[in-house]
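So this block is upload18.txt, compact mmCIF, C-alpha atoms:
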```txt
# COMPACT_ATOMS: atom_id res chain seq x y z
CA ASN P 1 27.27 45.90 3.87
CA ALA P 2 26.93 44.52 0.37
CA GLY P 3 26.65 40.97 1.71
CA VAL P 4 27.52 38.41 -0.95
CA THR P 5 28.19 39.64 -4.48
CA GLN P 6 28.84 37.68 -7.67
CA THR P 7 30.51 38.68 -10.91
CA PRO P 8 29.43 38.45 -13.70
CA LYS P 9 25.61 38.27 -13.62
CA PHE P 10 25.33 36.68 -17.06
CA ARG P 11 27.75 34.97 -19.41
CA VAL P 12 27.58 33.02 -22.65
CA LEU P 13 30.47 30.71 -23.51
CA LYS P 14 31.30 28.41 -26.39
CA THR P 15 32.16 24.79 -25.69
CA GLY P 16 35.80 24.51 -24.67
CA GLN P 17 36.21 28.10 -23.47
CA SER P 18 37.31 28.86 -19.94
CA MET P 19 36.09 31.39 -17.43
CA THR P 20 36.20 32.33 -13.76
CA LEU P 21 33.26 33.34 -11.59
CA LEU P 22 34.04 35.62 -8.67
CA CYS P 23 32.28 35.60 -5.32
CA ALA P 24 32.98 38.23 -2.68
CA GLN P 25 31.60 38.63 0.85
CA ASP P 26 32.10 41.45 3.31
CA MET P 27 30.77 39.72 6.43
CA ASN P 28 34.11 38.18 7.47
CA HIS P 29 32.61 34.69 7.15
CA GLU P 30 34.89 31.68 7.35
CA TYR P 31 32.85 29.33 5.17
CA MET P 32 32.05 29.85 1.50
CA TYR P 33 30.25 27.65 -1.02
CA TRP P 34 29.51 27.31 -4.70
CA TYR P 35 26.22 25.74 -5.81
CA ARG P 36 24.58 25.16 -9.15
CA GLN P 37 20.84 25.23 -9.79
CA ASP P 38 19.30 23.46 -12.76
CA PRO P 39 15.66 23.77 -13.89
CA GLY P 40 13.22 22.03 -11.57
CA MET P 41 15.90 21.15 -9.08
CA GLY P 42 17.23 22.42 -5.83
CA LEU P 43 20.76 23.65 -5.40
CA ARG P 44 23.65 21.20 -5.54
CA LEU P 45 26.98 21.85 -3.87
CA ILE P 46 29.99 22.04 -6.21
CA HIS P 47 32.86 23.00 -3.91
CA TYR P 48 33.23 24.70 -0.57
CA SER P 49 35.85 26.26 1.67
CA VAL P 50 36.19 26.28 5.44
CA GLY P 51 38.71 29.10 5.47
CA GLU P 52 41.33 31.04 3.58
CA GLY P 53 43.62 28.73 1.63
CA THR P 54 41.35 25.67 1.94
CA THR P 55 38.95 24.07 -0.53
CA ALA P 56 37.01 20.81 -0.67
CA LYS P 57 34.74 18.92 -3.07
CA GLY P 58 30.98 18.90 -2.80
CA GLU P 59 28.37 16.73 -4.56
CA VAL P 60 29.12 17.69 -8.17
CA PRO P 61 32.76 18.89 -8.42
CA ASP P 62 33.74 17.43 -11.81
CA GLY P 63 34.71 20.01 -14.41
CA TYR P 64 35.21 22.81 -11.85
CA ASN P 65 38.10 24.16 -9.83
CA VAL P 66 38.09 26.67 -7.00
CA SER P 67 40.48 28.86 -5.08
CA ARG P 68 40.26 30.81 -1.81
CA LEU P 69 43.39 32.97 -1.75
CA LYS P 70 41.72 35.68 0.32
CA LYS P 71 39.14 35.17 3.04
CA GLN P 72 36.60 37.42 1.35
CA ASN P 73 36.84 35.89 -2.14
CA PHE P 74 35.96 32.47 -3.52
CA LEU P 75 36.62 31.82 -7.22
CA LEU P 76 34.98 29.13 -9.36
CA GLY P 77 36.76 28.15 -12.55
CA LEU P 78 35.64 26.26 -15.62
CA GLU P 79 38.72 25.17 -17.58
CA SER P 80 36.90 23.75 -20.61
CA ALA P 81 33.20 24.58 -20.58
CA ALA P 82 30.64 21.99 -21.67
CA PRO P 83 26.92 22.41 -22.48
CA SER P 84 26.14 20.35 -19.36
CA GLN P 85 27.52 23.22 -17.31
CA THR P 86 24.75 25.54 -18.45
CA SER P 87 23.17 26.51 -15.16
CA VAL P 88 22.66 29.24 -12.61
CA TYR P 89 25.54 29.41 -10.15
CA PHE P 90 25.10 30.65 -6.61
CA CYS P 91 27.72 31.52 -4.10
CA ALA P 92 27.02 31.53 -0.37
CA SER P 93 28.86 32.29 2.84
CA SER P 94 28.27 31.43 6.48
CA GLN P 95 29.82 31.82 9.89
CA GLY P 96 27.47 29.54 11.80
CA ASP P 97 24.60 27.53 10.45
CA THR P 98 22.81 30.21 8.42
CA GLN P 99 23.93 30.62 4.82
CA TYR P 100 23.67 33.89 2.91
CA PHE P 101 23.44 33.75 -0.86
CA GLY P 102 24.62 35.94 -3.68
CA PRO P 103 22.33 36.97 -6.56
CA GLY P 104 23.53 34.24 -8.91
CA THR P 105 25.33 34.03 -12.25
CA ARG P 106 23.43 32.69 -15.24
CA LEU P 107 25.85 30.79 -17.49
CA THR P 108 25.00 29.42 -20.92
CA VAL P 109 27.42 27.14 -22.76
CA LEU P 110 26.71 26.75 -26.47
CA GLY Y 1 23.40 10.77 1.60
CA ILE Y 2 20.39 12.35 3.19
CA GLN Y 3 17.26 12.69 1.07
CA VAL Y 4 15.02 15.75 1.23
CA GLU Y 5 11.54 15.73 -0.25
CA GLN Y 6 9.15 18.64 -0.50
CA SER Y 7 5.44 18.73 -1.18
CA PRO Y 8 3.49 19.84 -2.99
CA PRO Y 9 5.75 20.55 -5.97
CA ASP Y 10 3.41 23.28 -7.22
CA LEU Y 11 0.78 25.39 -5.54
CA ILE Y 12 -1.53 28.10 -6.84
CA LEU Y 13 -3.32 30.27 -4.33
CA GLN Y 14 -5.63 33.21 -4.46
CA GLU Y 15 -4.44 36.24 -2.54
CA GLY Y 16 -5.51 36.02 1.09
CA ALA Y 17 -5.50 32.23 1.28
CA ASN Y 18 -3.40 30.20 3.70
CA SER Y 19 -1.07 27.33 2.82
CA THR Y 20 1.18 24.69 4.35
CA LEU Y 21 4.35 23.44 2.70
CA ARG Y 22 5.99 20.25 3.87
CA CYS Y 23 9.60 19.07 3.99
CA ASN Y 24 10.49 15.45 4.83
CA PHE Y 25 14.06 14.29 5.40
CA SER Y 26 15.45 10.80 5.58
CA ASP Y 27 17.85 11.04 8.52
CA SER Y 28 18.30 12.82 11.81
CA VAL Y 29 19.40 16.43 11.46
CA ASN Y 30 20.51 19.16 13.88
CA ASN Y 31 19.68 22.01 11.54
CA LEU Y 32 17.05 22.88 8.95
CA GLN Y 33 16.64 26.02 6.94
CA TRP Y 34 13.81 27.39 4.82
CA PHE Y 35 14.58 29.65 1.88
CA HIS Y 36 12.46 31.69 -0.50
CA GLN Y 37 13.67 32.17 -4.06
CA ASN Y 38 11.84 35.13 -5.53
CA PRO Y 39 10.89 35.38 -9.24
CA TRP Y 40 14.15 37.25 -9.88
CA GLY Y 41 16.17 34.33 -8.55
CA GLN Y 42 17.35 35.81 -5.26
CA LEU Y 43 17.52 33.33 -2.39
CA ILE Y 44 16.44 34.67 0.97
CA ASN Y 45 16.90 32.82 4.24
CA LEU Y 46 13.51 32.62 5.99
CA PHE Y 47 14.10 30.44 9.01
CA TYR Y 48 16.82 28.51 10.74
CA ILE Y 49 14.74 26.01 12.69
CA PRO Y 50 16.34 22.78 13.95
CA SER Y 51 13.29 22.10 16.15
CA GLY Y 52 10.19 23.76 17.54
CA THR Y 53 8.25 26.65 16.05
CA LYS Y 54 9.26 30.11 14.91
CA GLN Y 55 7.18 32.94 13.53
CA ASN Y 56 8.07 35.92 11.39
CA GLY Y 57 5.09 38.02 10.41
CA ARG Y 58 2.72 36.01 8.22
CA LEU Y 59 5.17 33.12 7.99
CA SER Y 60 5.84 30.48 10.58
CA ALA Y 61 7.74 27.20 10.58
CA THR Y 62 7.64 24.09 12.70
CA THR Y 63 10.20 21.30 12.74
CA VAL Y 64 9.55 17.94 14.41
CA ALA Y 65 13.03 16.49 14.31
CA THR Y 66 12.05 13.15 15.87
CA GLU Y 67 9.56 12.54 13.04
CA ARG Y 68 11.84 14.01 10.37
CA TYR Y 69 9.68 16.71 8.91
CA SER Y 70 9.23 20.45 8.86
CA LEU Y 71 6.27 22.61 7.86
CA LEU Y 72 6.18 26.16 6.55
CA TYR Y 73 2.93 28.04 7.03
CA ILE Y 74 2.00 31.06 4.95
CA SER Y 75 -1.04 32.97 6.13
CA SER Y 76 -2.97 35.63 4.23
CA SER Y 77 -0.81 35.09 1.17
CA GLN Y 78 0.21 38.03 -1.01
CA THR Y 79 1.45 38.16 -4.59
CA THR Y 80 4.91 38.98 -3.25
CA ASP Y 81 4.98 35.51 -1.66
CA SER Y 82 5.23 33.97 -5.13
CA GLY Y 83 8.39 32.06 -5.93
CA VAL Y 84 9.98 28.79 -4.94
CA TYR Y 85 10.35 27.66 -1.34
CA PHE Y 86 13.24 25.36 -0.48
CA CYS Y 87 14.09 23.52 2.67
CA ALA Y 88 17.69 22.46 3.25
CA VAL Y 89 19.40 20.24 5.79
CA PRO Y 90 23.12 19.80 6.52
CA HIS Y 91 25.32 17.04 5.23
CA THR Y 92 27.03 15.08 7.96
CA GLY Y 93 30.34 16.51 9.06
CA THR Y 94 31.59 20.08 9.21
CA ALA Y 95 31.19 23.28 7.24
CA SER Y 96 27.38 23.37 7.30
CA LYS Y 97 27.13 21.96 3.79
CA LEU Y 98 23.48 21.84 2.80
CA THR Y 99 21.33 19.36 0.89
CA PHE Y 100 18.37 21.10 -0.72
CA GLY Y 101 14.94 19.73 -1.51
CA THR Y 102 13.55 20.24 -5.02
CA GLY Y 103 11.28 23.02 -3.82
CA THR Y 104 7.63 24.04 -3.85
CA ARG Y 105 6.73 26.54 -6.55
CA LEU Y 106 4.07 28.92 -5.24
CA GLN Y 107 2.02 31.27 -7.37
CA VAL Y 108 -0.29 33.73 -5.64
CA THR Y 109 -2.90 35.30 -7.91
CA LEU Y 110 -5.17 38.30 -7.47
```
Give the structure from this file in structure tokens form.
Amino acid sequence: NAGVTQTPKFRVLKTGQSMTLLCAQDMNHEYMYWYRQDPGMGLRLIHYSVGEGTTAKGEVPDGYNVSRLKKQNFLLGLESAAPSQTSVYFCASSQGDTQYFGPGTRLTVL
Amino acid sequence: GIQVEQSPPDLILQEGANSTLRCNFSDSVNNLQWFHQNPWGQLINLFYIPSGTKQNGRLSATTVATERYSLLYISSSQTTDSGVYFCAVPHTGTASKLTFGTGTRLQVTL
């Protein structure tokens, strides 16, 4: 099992550009999450999904959109990137109470 | 929302020393998790411990839910223990959404 994988690992964007981060899990988990981690801080929840075809807002959803068209994939989109979105993005999945995290995507917006 | 505080924020230990990390939370919880983020950024789930004590090798954790705190013990520390330790508790409601503390950064030196 690969667990939770994220694509890409690194990305540099210019202000106003768009991109999509892909999260995939092979554990057949129902729940998936997107977090961001900023220097000196813990992780903050952006959006989450309780199952295929569902999404919901977390703590810091502004500027992001998500989609869960397939159970194993959870996509995070930035329509118009801003420097404030420079961060490390983590995806996670869970079936019960234990969350399993991907390796992260480091995004820089210039 | 629930507040999660960790102490100390930073800790430097010599290899072989023991340490205790603390996590306080502001409201009743039915779940608490400890994570280790290694120097390469990977988040590893250490313990799921809503109450009581669990041990895994040199690490153990205790949660006293009635007093709203949890402790992570590291014995005979090794350089591979370096990184940031996070505790996380669930938001109210479904989907196991987590609120993270700001972490304890541990550096173990030779």
Neighbours of chain P in chain Y at 6 Å, counting all atoms listed in the file, as an MDAnalysis selection string: chainID Y and resid 42 96 100:102
Neighbours of P:Phe74 within 7 Å (all atoms listed in the file; same-chain residues fewer than 5 positions away dropped), as a ChimeraX atom specification? /P:22-24,32,67-68
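For the atom pair formed by atom CA of Y:Arg105 and atom CA of Y:His91, the distance is 24.0 Å, given to one decimal.
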Name the residues in contact with Y:Asp10 at a cut-off of 12 Å, using only C-alpha atoms, excluding same-chain residues fewer than 5 positions from it; report them as a ChimeraX atom specification. /P:40 /Y:19-22,82-85,102-108
Name all residues at most 12 Å from Y:Ser70 (count only C-alpha atoms; drop same-chain ones fewer than 3 positions away) and give them as a VMD selection string. chain Y and resid 4 to 7 20 to 26 29 31 to 34 47 to 54 60 to 67 73 86 to 89 101
Point (-10.2, 36.7, -2.6), cut-off 12 Å, counting all atoms listed in the file, residues as a list of chain:residue names: Y:Leu13, Y:Gln14, Y:Glu15, Y:Gly16, Y:Ala17, Y:Asn18, Y:Ser76, Y:Ser77, Y:Gln78, Y:Thr79, Y:Val108, Y:Thr109, Y:Leu110
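Each of P:Asn73, P:Gln37, P:Asn65, P:Thr55 was compared to P:Thr86 using only C-alpha atoms, and P:Gln37 turns out to be the nearest.
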Take atom CA of Y:Asn30 and atom CA of Y:Asn56 and report the distance between them in Å, one decimal. 21.0 Å
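One finds atom CA of P:His29 at 10.3 Å from atom CA of P:Val4.
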Spatial sel., origin (34.8, 22.0, -27.7), limit 10 Å, all atoms listed in the file, listed as number ranges by chain: P: 14-17, 80-83, 110
Please list as JSON, numbers by chain every residue within 7 Å of P:Met19, counting all atoms listed in the file and excluding residues in the same chain fewer than 2 positions away. {"P": [17, 21, 77, 78, 79]}
In terms of all atoms listed in the file, the residue from Y:Asp81, Y:Arg68, Y:Ser75, Y:Asn38 at minimal distance from Y:Gln55 is Y:Ser75
Measuring atom to atom with all atoms listed in the file, identify which of P:Ala2, P:Val12, P:Leu69, P:Leu76 is nearest to P:Lys57. P:Leu76
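Nearest residue to P:Thr5 among P:Ile46, P:Asp38, P:Gln72, P:Val109 is P:Gln72, counting all atoms listed in the file.
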